[in-house]
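Participant: Just coords-v3.txt, nothing more (compact mmCIF, C-alpha atoms):
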# COMPACT_ATOMS: atom_id res chain seq x y z
CA MET A 26 -14.72 -1.34 -11.58
CA GLN A 27 -13.90 2.33 -11.93
CA SER A 28 -10.22 3.26 -11.57
CA ILE A 29 -9.08 6.70 -10.44
CA PRO A 30 -5.46 7.87 -10.67
CA VAL A 31 -4.24 9.37 -7.38
CA ASP A 32 -1.86 12.33 -7.19
CA THR A 33 0.46 11.20 -4.37
CA ALA A 34 2.03 14.67 -4.15
CA ARG A 35 -1.26 15.89 -2.64
CA LEU A 36 -1.39 13.14 0.00
CA GLY A 37 1.37 14.54 2.18
CA VAL A 38 3.81 12.20 3.91
CA LEU A 39 3.39 8.50 3.08
CA ARG A 40 4.90 6.27 5.77
CA CYS A 41 5.00 2.47 6.13
CA ALA A 42 2.68 1.33 8.93
CA ILE A 43 3.01 -2.42 8.31
CA ALA A 44 5.88 -3.90 6.31
CA PRO A 45 5.08 -5.70 3.03
CA GLU A 46 3.06 -8.90 3.34
CA ALA A 47 2.03 -11.37 0.65
CA LYS A 48 -1.67 -11.00 -0.18
CA ILE A 49 -3.38 -14.28 0.67
CA THR A 50 -6.38 -15.40 -1.43
CA ASN A 51 -7.16 -18.55 0.56
CA THR A 52 -6.44 -18.59 4.30
CA GLU A 53 -6.78 -22.37 4.51
CA THR A 54 -4.16 -23.13 1.85
CA GLN A 55 -2.18 -19.87 2.30
CA GLU A 56 -2.33 -19.39 -1.47
CA VAL A 57 -0.80 -16.07 -2.53
CA LYS A 58 -2.75 -13.86 -4.94
CA ARG A 59 -1.13 -13.38 -8.35
CA ASP A 60 -1.52 -10.65 -10.95
CA ARG A 61 -2.34 -11.20 -14.63
CA ASP A 62 1.30 -11.98 -15.39
CA GLY A 63 1.61 -14.55 -12.59
CA ASN A 64 3.61 -12.32 -10.22
CA PRO A 65 2.76 -12.53 -6.50
CA VAL A 66 0.80 -9.57 -5.11
CA TRP A 67 2.04 -7.92 -1.92
CA THR A 68 0.37 -5.33 0.27
CA VAL A 69 1.84 -2.50 2.31
CA ALA A 70 -0.16 -0.61 4.94
CA VAL A 71 0.66 3.07 4.49
CA THR A 72 -0.20 6.04 6.69
CA VAL A 73 -1.29 9.18 4.88
CA ARG A 74 -1.18 12.53 6.61
CA GLN A 75 -2.00 15.76 4.89
CA ASP A 76 -1.14 19.04 6.60
CA GLY A 77 -3.35 19.65 9.61
CA ARG A 78 -5.43 16.50 9.13
CA ARG A 79 -5.74 13.20 10.94
CA ILE A 80 -3.74 10.19 9.85
CA SER A 81 -5.46 7.63 7.63
CA VAL A 82 -4.17 4.16 6.86
CA ILE A 83 -4.58 2.67 3.39
CA GLU A 84 -3.50 -0.74 2.18
CA ILE A 85 -1.74 -0.61 -1.18
CA ALA A 86 -1.30 -3.69 -3.39
CA VAL A 87 1.75 -4.02 -5.64
CA SER A 88 3.04 -6.78 -7.93
CA GLY A 89 6.25 -8.37 -6.68
CA GLN A 90 7.80 -8.06 -3.24
CA PRO A 91 8.82 -4.48 -2.42
CA LYS A 92 12.45 -4.41 -1.24
CA GLY A 93 14.03 -2.49 1.63
CA ILE A 94 10.82 -1.26 3.24
CA GLU A 95 10.67 -1.05 7.04
CA GLU A 96 7.89 0.07 9.35
CA GLY A 97 8.08 3.78 10.05
CA GLN A 98 9.95 4.57 6.83
CA ILE A 99 8.80 7.29 4.44
CA LEU A 100 7.80 5.81 1.09
CA LYS A 101 7.58 6.83 -2.53
CA VAL A 102 4.49 5.38 -4.20
CA THR A 103 4.52 5.38 -8.00
CA GLY A 104 1.44 4.98 -10.20
CA LEU A 105 -1.14 4.90 -7.39
CA THR A 106 -4.67 4.10 -8.53
CA ALA A 107 -7.86 3.84 -6.48
CA PHE A 108 -10.56 1.35 -7.46
CA MET A 109 -14.19 1.60 -6.37
CA TRP A 110 -15.70 -1.84 -5.74
CA SER A 111 -18.94 -3.40 -4.51
CA MET A 112 -20.03 -6.95 -3.70
CA GLY A 113 -23.66 -7.28 -2.69
CA ASP A 114 -24.24 -4.84 0.16
CA ARG A 115 -20.49 -4.29 0.72
CA HIS A 116 -18.50 -1.58 -1.03
CA GLY A 117 -15.25 0.29 -0.67
CA VAL A 118 -12.05 1.57 -2.23
CA SER A 119 -8.95 -0.50 -3.02
CA PHE A 120 -5.52 0.89 -3.87
CA ARG A 121 -2.89 -0.44 -6.26
CA ALA A 122 0.52 0.96 -7.21
CA ASP A 123 3.07 0.30 -9.92
CA ALA A 124 5.86 0.47 -7.31
CA ILE A 125 6.49 1.23 -3.64
CA THR A 126 10.04 2.18 -2.72
CA PRO A 127 11.70 3.49 0.44
CA VAL A 128 12.96 7.03 0.74
CA HIS A 129 16.34 6.15 2.26
CA GLY A 130 17.39 7.54 5.61
CA THR A 131 13.83 8.10 6.82
CA SER A 132 13.12 5.18 9.16
CA MET A 133 11.79 6.07 12.59
CA HIS A 134 13.89 3.16 13.85
CA SER A 135 17.17 4.26 12.27
CA LYS A 136 20.22 4.24 14.52
CA GLY A 137 21.14 7.31 16.42
CA GLY A 138 18.43 9.71 15.69
CA ASP A 139 15.19 11.31 14.95
CA ALA A 140 13.02 10.57 11.95
Can you give me the file's structure in the form of structure tokens?
Facilitator:
Amino acid sequence: MQSIPVDTARLGVLRCAIAPEAKITNTETQEVKRDRDGNPVWTVAVTVRQDGRRISVIEIAVSGQPKGIEEGQILKVTGLTAFMWSMGDRHGVSFRADAITPVHGTSMHSKGGDA
């Protein structure tokens, strides 16, 4: 699998679309995926919008539960890497980050005001 470092500064505004969820490896047993060190893997759906372009949504995996992230909040994503994958006739891109943290005071749902 080829990994490609991603320069998040060029992605524009990164905003939480779906709050962190544990990544499930088996839907029948609800087993949570774990990284090499045994930490649970979580995913965050993030909207990406570069100047003058349409919004895209990417799902980013991260080890350990990200704290303090709410839907609509602007995020800081550290160490983002894209991975090209293929399985039979299916292929795509997966994303993984070292950390996902909220940029405080940026929630669309914050009390008393605009985002």
Participant: Identify the residues within 9 Å of coordinate (1.4, 7.3, -12.7) (same frame as the file), considering only C-alpha atoms, and give the answer as a list in words.
Facilitator: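 Neighbouring residues, ordered by chain and number, come to Pro30, Val31, Asp32, Thr103, Gly104, Leu105, Thr106, Ala122 and Asp123 of chain A.
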Participant: Between A:Ser111, A:Ser88, A:Ser28, A:Gln98, single out the one closest to Asp60 in chain A, counting all atoms listed in the file.
Facilitator: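 Selected residue with least distance to Asp60 in chain A: A:Ser88.
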Participant: Would you mind reading off the distance between CA of Ala42 in chain A and CA of Ala70 in chain A, one decimal, in Å?
Facilitator: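 CA of Ala70 in chain A lies at a distance of 5.3 Å from CA of Ala42 in chain A.
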Participant: State, in Å with one decimal place, the distance from CA of Val38 in chain A to CA of Ile94 in chain A.
Facilitator: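 So the two atoms, CA of Val38 in chain A and CA of Ile94 in chain A, lie 15.2 Å apart.
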Participant: If you count all atoms listed in the file, which residues fall within 8 Å of Lys101 in chain A, apart from same-chain ones fewer than 2 positions away, as JSON, numbers by chain?
Facilitator: {"A": [39, 99, 103, 125, 126, 127, 128]}
Participant: Store the residues picked out above in a file with C-alpha atoms, as a compact mmCIF listing (two decimals), keeping the file's coordinate frame.
Facilitator:
# COMPACT_ATOMS: atom_id res chain seq x y z
CA LEU A 39 3.39 8.50 3.08
CA ILE A 99 8.80 7.29 4.44
CA THR A 103 4.52 5.38 -8.00
CA ILE A 125 6.49 1.23 -3.64
CA THR A 126 10.04 2.18 -2.72
CA PRO A 127 11.70 3.49 0.44
CA VAL A 128 12.96 7.03 0.74
Participant: Rank nothing, just name the residue among A:Met112, A:Val87, A:Val69, A:Val102 nearest to Ala34 in chain A, using all atoms listed in the file.
Facilitator: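 Between A:Met112, A:Val87, A:Val69, A:Val102, the residue approaching Ala34 in chain A most closely is A:Val102.
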Participant: One number please: CA of Thr54 in chain A to CA of Ala86 in chain A, in Å, one decimal.
Facilitator: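 Going from CA of Thr54 in chain A over to CA of Ala86 in chain A covers 20.3 Å.
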Participant: Given all atoms listed in the file as the basis, pick out the residue of A:Gly77, A:Gln55, A:Val118, A:Ala44 nearest to Lys92 in chain A.
Facilitator: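 Checking each candidate against Lys92 in chain A, we get A:Ala44 as the closest.
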Participant: Set the distance at 7 Å and use only C-alpha atoms: which residues neighbour Leu36 in chain A once local chain neighbours fewer than 3 positions away are removed? I'd like the list as a list in words.
Facilitator: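 These residues fall inside the cut-off: Thr33, Val73, Arg74 and Gln75 of chain A.
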Participant: Trp67 in chain A: which residues within 8 Å, counting only C-alpha atoms, same-chain residues fewer than 4 positions away excluded, as a ChimeraX atom specification?
Facilitator: /A:45-48,86-91
Participant: Pick out the closest residue to Leu100 in chain A from this set: A:Asn51, A:Gln27, A:Thr72, A:Asn64. Count only C-alpha atoms.
Facilitator: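 For Leu100 in chain A, the nearest of the candidates is A:Thr72.
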Participant: Determine the nearest neighbour of Asp76 in chain A from the options A:Ile49, A:Ser119, A:Gly37, A:His129, counting only C-alpha atoms.
Facilitator: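 Ranking A:Ile49, A:Ser119, A:Gly37, A:His129 by distance to Asp76 in chain A, first place goes to A:Gly37.
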Participant: Nearest to Arg121 in chain A: which of A:Ile80, A:Cys41, A:Val57, A:Met109 is it, counting only C-alpha atoms?
Facilitator: A:Met109
